[in-house]
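Novice: Hey, dropping start.pdb in here, PDB, C-alpha atoms:
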```pdb
ATOM      1  CA  MET E   2     119.424  94.295  71.598
ATOM      2  CA  VAL E   3     117.722  90.924  71.922
ATOM      3  CA  PRO E   4     113.920  91.115  72.049
ATOM      4  CA  MET E   5     112.319  90.226  75.392
ATOM      5  CA  LYS E   6     110.343  87.357  73.863
ATOM      6  CA  VAL E   7     113.566  85.677  72.704
ATOM      7  CA  LEU E   8     115.135  86.207  76.141
ATOM      8  CA  ASN E   9     112.066  84.717  77.824
ATOM      9  CA  PHE E  10     112.191  81.701  75.513
ATOM     10  CA  LEU E  11     115.890  81.191  76.214
ATOM     11  CA  LEU E  12     115.308  81.455  79.962
ATOM     12  CA  ILE E  13     112.535  78.868  79.857
ATOM     13  CA  ALA E  14     114.623  76.562  77.647
ATOM     14  CA  VAL E  15     117.659  76.774  79.941
ATOM     15  CA  THR E  16     115.530  76.125  83.018
ATOM     16  CA  ALA E  17     113.835  73.143  81.384
ATOM     17  CA  GLY E  18     117.213  71.800  80.367
ATOM     18  CA  LEU E  19     118.573  72.092  83.899
ATOM     19  CA  ILE E  20     115.596  70.302  85.386
ATOM     20  CA  SER E  21     115.623  67.531  82.780
ATOM     21  CA  SER E  22     119.339  66.984  83.303
ATOM     22  CA  CYS E  23     118.543  66.183  86.922
ATOM     23  CA  ALA E  24     116.029  63.554  85.942
ATOM     24  CA  GLN E  25     116.731  59.958  86.607
ATOM     25  CA  THR E  26     118.514  58.111  83.876
ATOM     26  CA  GLU E  27     117.360  54.668  83.088
ATOM     27  CA  TYR E  28     119.560  51.875  84.057
ATOM     28  CA  GLN E  29     119.307  48.235  83.467
ATOM     29  CA  ASP E  30     120.087  45.587  85.897
ATOM     30  CA  VAL E  31     123.285  43.926  85.022
ATOM     31  CA  GLN E  32     122.275  40.612  83.572
ATOM     32  CA  SER E  33     122.553  37.989  86.219
ATOM     33  CA  SER E  34     119.911  35.556  85.020
ATOM     34  CA  GLY E  35     122.172  34.131  82.329
ATOM     35  CA  ILE E  36     124.965  33.222  84.686
ATOM     36  CA  GLN E  37     123.233  30.724  86.905
ATOM     37  CA  HIS E  38     126.013  28.321  86.288
ATOM     38  CA  SER E  39     128.607  30.680  87.788
ATOM     39  CA  SER E  40     129.880  30.459  91.290
ATOM     40  CA  PRO E  41     127.907  32.158  94.086
ATOM     41  CA  GLU E  42     130.712  34.684  94.563
ATOM     42  CA  VAL E  43     130.384  35.879  90.935
ATOM     43  CA  ILE E  44     126.592  36.109  91.153
ATOM     44  CA  SER E  45     126.843  38.129  94.378
ATOM     45  CA  LEU E  46     129.204  40.578  92.645
ATOM     46  CA  TYR E  47     126.547  41.288  89.997
ATOM     47  CA  GLU E  48     123.842  41.597  92.627
ATOM     48  CA  ASN E  49     125.962  44.066  94.575
ATOM     49  CA  GLU E  50     126.496  46.063  91.413
ATOM     50  CA  ASN E  51     122.726  46.190  90.827
ATOM     51  CA  GLU E  52     122.217  47.291  94.399
ATOM     52  CA  GLN E  53     124.852  50.004  93.971
ATOM     53  CA  LEU E  54     123.225  51.223  90.776
ATOM     54  CA  ARG E  55     119.876  51.276  92.550
ATOM     55  CA  ARG E  56     121.321  53.370  95.391
ATOM     56  CA  GLU E  57     122.919  55.814  92.957
ATOM     57  CA  ARG E  58     119.619  56.239  91.188
ATOM     58  CA  GLU E  59     117.809  56.911  94.429
ATOM     59  CA  SER E  60     120.397  59.343  95.737
ATOM     60  CA  GLY E  61     121.035  61.427  92.625
ATOM     61  CA  GLY E  62     119.135  64.141  90.795
ATOM     62  CA  LEU E  63     116.708  66.855  91.763
ATOM     63  CA  VAL E  64     113.664  64.742  90.856
ATOM     64  CA  SER E  65     115.011  61.807  92.852
ATOM     65  CA  TRP E  66     115.619  64.104  95.811
ATOM     66  CA  LEU E  67     112.098  65.445  95.613
ATOM     67  CA  LEU E  68     110.629  61.954  95.372
ATOM     68  CA  ALA E  69     112.829  60.468  98.067
ATOM     69  CA  GLY E  70     112.873  63.469 100.375
ATOM     70  CA  PRO E  71     109.925  65.636 101.304
ATOM     71  CA  MET E  72     107.472  63.629  99.217
ATOM     72  CA  GLY E  73     108.980  60.236  99.885
ATOM     73  CA  SER E  74     108.306  57.730 102.586
ATOM     74  CA  ASP E  75     110.562  55.925 104.955
ATOM     75  CA  PRO E  76     110.158  53.336 107.684
ATOM     76  CA  GLY E  77     109.693  56.064 110.276
ATOM     77  CA  ASP E  78     106.715  57.582 108.508
ATOM     78  CA  ASP E  79     104.104  55.858 110.585
ATOM     79  CA  ASP E  80     105.656  57.259 113.726
ATOM     80  CA  PHE E  81     105.855  60.692 112.099
ATOM     81  CA  HIS E  82     102.193  60.666 111.111
ATOM     82  CA  SER E  83     101.079  59.539 114.537
ATOM     83  CA  ARG E  84     103.148  62.332 116.099
ATOM     84  CA  HIS E  85     101.795  64.820 113.574
ATOM     85  CA  ASP E  86      98.206  63.824 114.290
ATOM     86  CA  HIS E  87      98.850  64.256 117.973
ATOM     87  CA  ASP E  88     100.303  67.744 117.383
ATOM     88  CA  ARG E  89      97.400  68.758 115.129
ATOM     89  CA  GLY E  90      94.936  67.580 117.764
ATOM     90  CA  SER E  91      96.731  69.608 120.430
ATOM     91  CA  SER E  92      96.628  72.798 118.333
ATOM     92  CA  SER E  93      92.938  72.329 117.601
ATOM     93  CA  ALA E  94      92.255  71.837 121.309
ATOM     94  CA  ASP E  95      94.086  75.101 122.093
ATOM     95  CA  LYS E  96      91.910  76.951 119.607
ATOM     96  CA  LYS E  97      88.720  75.440 120.995
ATOM     97  CA  GLU E  98      89.801  76.376 124.501
ATOM     98  CA  PHE E  99      90.601  79.935 123.393
ATOM     99  CA  ILE E 100      87.199  80.306 121.728
ATOM    100  CA  SER E 101      85.345  78.838 124.711
ATOM    101  CA  LYS E 102      87.134  81.280 127.036
ATOM    102  CA  ASN E 103      86.966  84.377 124.864
ATOM    103  CA  GLY E 104      84.221  83.692 122.333
ATOM    104  CA  VAL E 105      81.752  86.075 123.949
ATOM    105  CA  ALA E 106      84.214  88.968 123.798
ATOM    106  CA  LEU E 107      85.262  88.132 120.235
ATOM    107  CA  ARG E 108      81.692  87.877 118.967
ATOM    108  CA  GLU E 109      80.785  91.093 120.748
ATOM    109  CA  GLY E 110      83.714  92.775 119.015
ATOM    110  CA  LEU E 111      82.493  91.523 115.645
ATOM    111  CA  ARG E 112      78.972  92.781 116.297
ATOM    112  CA  THR E 113      80.320  96.143 117.489
ATOM    113  CA  ARG E 114      82.206  96.528 114.208
ATOM    114  CA  ASN E 115      78.884  96.299 112.403
ATOM    115  CA  ASN E 116      77.190  98.826 114.667
ATOM    116  CA  ASN E 117      80.009 101.327 114.365
ATOM    117  CA  LEU E 118      79.979 101.355 110.573
TER
ATOM    118  CA  MET J  24     125.796  94.601  47.326
ATOM    119  CA  ASN J  25     128.671  96.749  48.513
ATOM    120  CA  ASN J  26     129.738  97.206  52.100
ATOM    121  CA  THR J  27     128.230 100.694  52.472
ATOM    122  CA  ILE J  28     124.725  99.515  51.642
ATOM    123  CA  LYS J  29     125.136  96.447  53.863
ATOM    124  CA  ASN J  30     126.260  98.627  56.763
ATOM    125  CA  LYS J  31     123.350 101.014  56.315
ATOM    126  CA  LEU J  32     120.875  98.162  56.162
ATOM    127  CA  ALA J  33     122.388  96.682  59.320
ATOM    128  CA  VAL J  34     122.081 100.002  61.173
ATOM    129  CA  ILE J  35     118.472 100.493  60.050
ATOM    130  CA  THR J  36     117.559  96.941  61.081
ATOM    131  CA  MET J  37     119.167  97.313  64.492
ATOM    132  CA  ALA J  38     117.439 100.643  65.068
ATOM    133  CA  GLY J  39     114.121  99.078  64.112
ATOM    134  CA  VAL J  40     114.598  96.155  66.476
ATOM    135  CA  VAL J  41     115.589  98.426  69.378
ATOM    136  CA  GLY J  42     112.744 100.836  68.720
ATOM    137  CA  ALA J  43     110.179  98.080  68.368
ATOM    138  CA  SER J  44     111.258  96.325  71.570
ATOM    139  CA  GLN J  45     111.036  99.565  73.513
ATOM    140  CA  ALA J  46     107.702 100.733  72.092
ATOM    141  CA  GLN J  47     105.832  97.455  72.512
ATOM    142  CA  ALA J  48     105.560  96.979  76.269
ATOM    143  CA  VAL J  49     104.425  93.463  77.171
ATOM    144  CA  GLY J  50     103.160  94.417  80.621
ATOM    145  CA  ASP J  51     104.159  95.783  83.986
ATOM    146  CA  PHE J  52     104.618  95.035  87.669
ATOM    147  CA  GLU J  53     103.308  97.489  90.223
ATOM    148  CA  ALA J  54     103.638  97.699  94.001
ATOM    149  CA  GLY J  55     102.736 100.295  96.587
ATOM    150  CA  ILE J  56     100.747 101.289  99.632
ATOM    151  CA  GLY J  57      97.373 102.885 100.114
ATOM    152  CA  TYR J  58      94.975 104.269 102.675
ATOM    153  CA  MET J  59      91.270 103.488 103.150
ATOM    154  CA  GLU J  60      89.470 106.593 104.318
ATOM    155  CA  ARG J  61      86.463 104.954 106.019
ATOM    156  CA  SER J  62      88.346 102.495 108.203
ATOM    157  CA  GLU J  63      91.429 104.719 108.383
ATOM    158  CA  ARG J  64      93.622 101.708 107.618
ATOM    159  CA  ALA J  65      96.643 101.328 105.403
ATOM    160  CA  PHE J  66      96.885  98.602 102.796
ATOM    161  CA  GLY J  67      99.585  97.202 100.551
ATOM    162  CA  PHE J  68      99.187  96.041  96.975
ATOM    163  CA  ILE J  69     101.109  94.151  94.298
ATOM    164  CA  LYS J  70      99.882  93.973  90.730
ATOM    165  CA  ALA J  71     100.973  92.228  87.530
ATOM    166  CA  GLN J  72      99.425  93.223  84.215
ATOM    167  CA  GLY J  73      99.728  92.138  80.602
ATOM    168  CA  VAL J  74      98.980  94.283  77.580
ATOM    169  CA  VAL J  75      96.218  92.671  75.502
ATOM    170  CA  TYR J  76      95.937  95.460  72.940
ATOM    171  CA  GLU J  77      98.159  98.444  72.198
ATOM    172  CA  GLY J  78      97.313 101.339  69.918
ATOM    173  CA  PRO J  79      99.280 104.475  69.049
ATOM    174  CA  SER J  80      98.493 106.131  72.397
ATOM    175  CA  ILE J  81      96.337 103.651  74.255
ATOM    176  CA  SER J  82      96.929 100.326  76.022
ATOM    177  CA  HIS J  83      94.367  97.784  77.177
ATOM    178  CA  LYS J  84      95.582  95.579  80.009
ATOM    179  CA  ILE J  85      94.364  92.649  82.088
ATOM    180  CA  GLY J  86      96.061  91.933  85.387
ATOM    181  CA  LEU J  87      95.954  90.255  88.773
ATOM    182  CA  GLU J  88      96.258  92.308  91.954
ATOM    183  CA  TYR J  89      96.869  91.326  95.573
ATOM    184  CA  ILE J  90      95.654  93.709  98.318
ATOM    185  CA  GLY J  91      96.449  93.015 101.952
ATOM    186  CA  TYR J  92      95.635  94.722 105.260
ATOM    187  CA  ASP J  93      94.535  93.901 108.790
ATOM    188  CA  GLU J  94      92.319  95.366 111.502
ATOM    189  CA  THR J  95      92.557  94.852 115.237
ATOM    190  CA  LEU J  96      89.491  93.136 116.670
ATOM    191  CA  ASP J  97      90.380  92.960 120.358
ATOM    192  CA  SER J  98      93.732  94.306 121.512
ATOM    193  CA  ALA J  99      93.354  92.727 124.983
ATOM    194  CA  LEU J 100      93.025  89.279 123.364
ATOM    195  CA  ASP J 101      95.662  90.094 120.720
ATOM    196  CA  SER J 102      93.202  89.153 118.002
ATOM    197  CA  SER J 103      92.859  90.744 114.602
ATOM    198  CA  ILE J 104      91.240  90.150 111.242
ATOM    199  CA  LEU J 105      93.603  89.670 108.293
ATOM    200  CA  PHE J 106      92.187  90.538 104.874
ATOM    201  CA  THR J 107      93.700  89.023 101.724
ATOM    202  CA  THR J 108      92.238  90.176  98.422
ATOM    203  CA  LEU J 109      92.813  88.835  94.919
ATOM    204  CA  VAL J 110      91.208  90.780  92.092
ATOM    205  CA  VAL J 111      91.312  90.592  88.298
ATOM    206  CA  ASN J 112      91.545  94.071  86.793
ATOM    207  CA  TYR J 113      90.822  95.466  83.366
ATOM    208  CA  GLU J 114      92.648  98.762  82.711
ATOM    209  CA  VAL J 115      92.778 101.273  79.896
ATOM    210  CA  GLU J 116      95.837 103.546  79.861
ATOM    211  CA  LEU J 117      96.157 106.707  77.762
ATOM    212  CA  HIS J 118      99.711 107.823  76.990
ATOM    213  CA  MET J 119      99.429 111.611  77.146
ATOM    214  CA  SER J 120     103.115 112.188  76.449
ATOM    215  CA  GLU J 121     106.486 110.473  76.717
ATOM    216  CA  VAL J 122     106.511 110.931  80.508
ATOM    217  CA  LEU J 123     102.858 111.030  81.571
ATOM    218  CA  SER J 124      99.941 108.638  81.237
ATOM    219  CA  VAL J 125      96.521 108.358  82.838
ATOM    220  CA  PHE J 126      94.534 105.202  83.421
ATOM    221  CA  GLY J 127      91.197 103.885  84.596
ATOM    222  CA  GLY J 128      89.634 100.495  85.087
ATOM    223  CA  VAL J 129      87.519  98.033  87.029
ATOM    224  CA  GLY J 130      88.286  94.926  89.027
ATOM    225  CA  LEU J 131      86.381  91.897  90.271
ATOM    226  CA  GLY J 132      87.589  89.298  92.730
ATOM    227  CA  GLY J 133      87.361  87.817  96.187
ATOM    228  CA  GLN J 134      88.531  88.567  99.697
ATOM    229  CA  TYR J 135      89.633  86.108 102.391
ATOM    230  CA  ALA J 136      89.060  87.240 105.990
ATOM    231  CA  SER J 137      90.957  85.356 108.675
ATOM    232  CA  LEU J 138      90.363  85.782 112.412
ATOM    233  CA  ASP J 139      93.842  85.590 113.889
ATOM    234  CA  SER J 140      94.742  84.975 117.531
ATOM    235  CA  PRO J 141      97.768  83.979 119.649
ATOM    236  CA  VAL J 142      96.821  80.300 119.046
ATOM    237  CA  GLY J 143      96.423  80.706 115.277
ATOM    238  CA  GLU J 144      93.518  81.151 112.928
ATOM    239  CA  LEU J 145      90.170  80.743 114.685
ATOM    240  CA  ASP J 146      87.860  81.139 111.691
ATOM    241  CA  ASN J 147      87.785  82.419 108.118
ATOM    242  CA  ASP J 148      85.434  83.373 105.313
ATOM    243  CA  ILE J 149      85.628  84.100 101.567
ATOM    244  CA  TYR J 150      83.372  86.608  99.845
ATOM    245  CA  GLY J 151      83.204  88.972  96.905
ATOM    246  CA  TYR J 152      85.153  92.173  96.222
ATOM    247  CA  ALA J 153      84.934  94.774  93.467
ATOM    248  CA  GLN J 154      86.636  98.069  92.663
ATOM    249  CA  PHE J 155      86.973 100.784  90.105
ATOM    250  CA  PHE J 156      90.032 102.987  89.887
ATOM    251  CA  VAL J 157      91.651 105.941  88.136
ATOM    252  CA  GLY J 158      95.135 107.352  88.344
ATOM    253  CA  ALA J 159      98.253 108.636  86.629
ATOM    254  CA  ARG J 160     101.784 107.449  86.014
ATOM    255  CA  ALA J 161     104.885 109.618  85.556
ATOM    256  CA  ARG J 162     108.123 108.290  84.118
ATOM    257  CA  LEU J 163     111.149 108.353  86.428
ATOM    258  CA  ALA J 164     113.506 106.250  84.309
ATOM    259  CA  GLN J 165     113.253 104.263  81.087
ATOM    260  CA  ASN J 166     111.094 101.454  82.514
ATOM    261  CA  LEU J 167     110.255 102.857  85.946
ATOM    262  CA  GLU J 168     107.294 105.085  86.751
ATOM    263  CA  PHE J 169     105.724 106.654  89.802
ATOM    264  CA  LYS J 170     102.030 105.954  90.159
ATOM    265  CA  ALA J 171      99.237 107.613  92.136
ATOM    266  CA  GLY J 172      95.622 106.559  92.104
ATOM    267  CA  ILE J 173      92.206 106.588  93.687
ATOM    268  CA  ARG J 174      89.933 103.576  93.914
ATOM    269  CA  ARG J 175      86.447 102.877  95.179
ATOM    270  CA  MET J 176      86.364  99.569  97.055
ATOM    271  CA  PHE J 177      83.224  97.418  97.458
ATOM    272  CA  PHE J 178      82.941  94.428  99.818
ATOM    273  CA  ASP J 179      80.406  91.693 100.407
ATOM    274  CA  ASP J 180      79.347  90.850 103.970
ATOM    275  CA  TYR J 181      81.261  88.099 105.752
ATOM    276  CA  GLU J 182      80.803  85.766 108.715
ATOM    277  CA  LEU J 183      83.175  84.803 111.540
ATOM    278  CA  LEU J 184      82.550  82.695 114.674
ATOM    279  CA  GLY J 185      78.878  82.419 113.759
ATOM    280  CA  VAL J 186      78.376  86.184 113.568
ATOM    281  CA  SER J 187      76.938  86.738 110.099
ATOM    282  CA  GLY J 188      76.421  89.854 108.031
ATOM    283  CA  ILE J 189      79.632  91.579 109.181
ATOM    284  CA  LYS J 190      80.016  94.562 106.915
ATOM    285  CA  GLN J 191      82.914  96.438 105.416
ATOM    286  CA  LYS J 192      81.249  99.475 103.949
ATOM    287  CA  GLN J 193      82.468 100.713 100.620
ATOM    288  CA  THR J 194      85.330 103.156 100.910
ATOM    289  CA  TRP J 195      87.685 105.357  98.929
ATOM    290  CA  GLY J 196      91.266 104.151  98.770
ATOM    291  CA  PHE J 197      94.201 106.427  97.925
ATOM    292  CA  ASP J 198      97.392 104.740  96.820
ATOM    293  CA  VAL J 199     100.880 105.476  95.557
ATOM    294  CA  GLY J 200     103.507 103.143  94.193
ATOM    295  CA  PHE J 201     105.998 102.294  91.478
ATOM    296  CA  THR J 202     105.438 100.631  88.120
ATOM    297  CA  LEU J 203     108.108  98.573  86.360
ATOM    298  CA  ARG J 204     107.397  98.071  82.647
ATOM    299  CA  PHE J 205     108.767  95.124  80.701
TER
END
```
The structure in this file should be written as structure tokens.

Specialist:
Amino acid sequence: MVPMKVLNFLLIAVTAGLISSCAQTEYQDVQSSGIQHSSPEVISLYENENEQLRRERESGGLVSWLLAGPMGSDPGDDDFHSRHDHDRGSSSADKKEFISKNGVALREGLRTRNNNL
Amino acid sequence: MNNTIKNKLAVITMAGVVGASQAQAVGDFEAGIGYMERSERAFGFIKAQGVVYEGPSISHKIGLEYIGYDETLDSALDSSILFTTLVVNYEVELHMSEVLSVFGGVGLGGQYASLDSPVGELDNDIYGYAQFFVGARARLAQNLEFKAGIRRMFFDDYELLGVSGIKQKQTWGFDVGFTLRF
């Protein structure tokens, strides 16, 4: 029977291995600076390859997904934030309205709790 | 070294490993429900504890416990107060026999009171909480036990919507649950 401490260590090691395997791997731009003398078509092939490598990096891996997804930003973010601020303001207004309408009853209920104890 | 001695040594080693892993509990998870006699409210709790010292028949543990319950403030307005408690406990457990143990301890922590309404949380407050407790555990299976206990619960005053000094008077709490040892 394997001791619990060894099992815990193995579990942590396997989990760490899975997460690290999802990490981005370094890539290097395919050298295009040394081929200035080549035709434009050849240079564009290398540039396309770099762009493809860049897209693969951004689309793959758990860490990449986390960075690019929920925590990432995109061109629509400004719109999102402005919409979010509007929604937050609306919710806060509802609460203020609720308190202004019912605050007396709520506070009376809180004071009554004290008196009944 | 002949095969017979090797086999005997292997059996003794395996028995020692199995026995040691079963005797030295690292800690336990506990969950259950309780009842507060003063407010006549039910509460739920979840607890995780680690053994910091273990003797022949005694265990010293430190753990973190979550206690949750709510109380209706105004049923017409559908408003209630939600109480979330986190407390650090110190427990001493005496193993009376293979199937029965008794325990006692103290806890110190904080409680979060949230005034809830149909439009969301209106206000909240954080204040102190303390408890002492005693109880007993009875073994149901190898790592599973039934637990029953009594605790005395102490609360600081809190404030909501500008009403200060709202009290929760100290109360007895009776709880039952299950303990999973690991």

Novice: Write out as a ChimeraX atom specification each polymer residue whose atoms come within 9 Å of stretch 109-124 of chain J, counting all atoms listed in the file; drop sequence neighbours fewer than 6 positions from it.

Specialist: /J:72,79-91,130-135,152-156,158-163,168

Novice: Determine, using only C-alpha atoms, which residues of chain J have any atom at most 9 Å from an atom of chain E, and tabulate each with its shortest atom pair and distance in Å to one decimal place, rows ordered by chain and then rising number, as CSV.

Specialist:
```
residue,atom,partner,partner_atom,distance
J:Met37,CA,E:Met2,CA,7.7
J:Val40,CA,E:Met2,CA,7.3
J:Val41,CA,E:Met2,CA,6.1
J:Ala43,CA,E:Pro4,CA,8.7
J:Ser44,CA,E:Pro4,CA,5.9
J:Val49,CA,E:Met5,CA,8.7
J:Arg61,CA,E:Leu118,CA,8.7
J:Ser62,CA,E:Leu118,CA,8.8
J:Leu96,CA,E:Gly110,CA,6.2
J:Asp97,CA,E:Gly110,CA,6.8
J:Leu100,CA,E:Asn103,CA,7.9
J:Ser102,CA,E:Leu107,CA,8.3
J:Ser140,CA,E:Lys96,CA,8.8
J:Val142,CA,E:Lys96,CA,6.0
J:Gly143,CA,E:Lys96,CA,7.3
J:Glu144,CA,E:Lys96,CA,8.1
J:Leu145,CA,E:Lys96,CA,6.5
J:Leu183,CA,E:Leu111,CA,7.9
J:Leu184,CA,E:Arg108,CA,6.8
J:Gly185,CA,E:Arg108,CA,8.1
J:Val186,CA,E:Arg108,CA,6.6
J:Ser187,CA,E:Arg112,CA,8.9
J:Gly188,CA,E:Asn115,CA,8.2
J:Ile189,CA,E:Asn115,CA,5.8
J:Lys190,CA,E:Asn115,CA,5.9
J:Gln191,CA,E:Leu118,CA,7.7
J:Lys192,CA,E:Leu118,CA,7.0
J:Phe205,CA,E:Met5,CA,8.0
```

Novice: For the atom pair atom CA of J:Asp180 and atom CA of J:Val199, what is the interatomic distance in Å to one decimal place?

Specialist: 27.4 Å

Novice: If I take atom CA of J:Gly127 and atom CA of J:Tyr181, how far is one from the other in Å, to one decimal?

Specialist: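 The value is 28.2 Å.
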
Novice: As an exercise, work out the distance from atom CA of J:Trp195 to atom CA of J:Val129 in Å and give it to one decimal place.

Specialist: 14.0 Å

Novice: On this structure, the PyMOL selection byres ((chain J and resi 105) around 9) would catch which residues? List them as number ranges by chain, sorted by chain and number.

Specialist: J: 91-95, 103-104, 106-107, 135-139
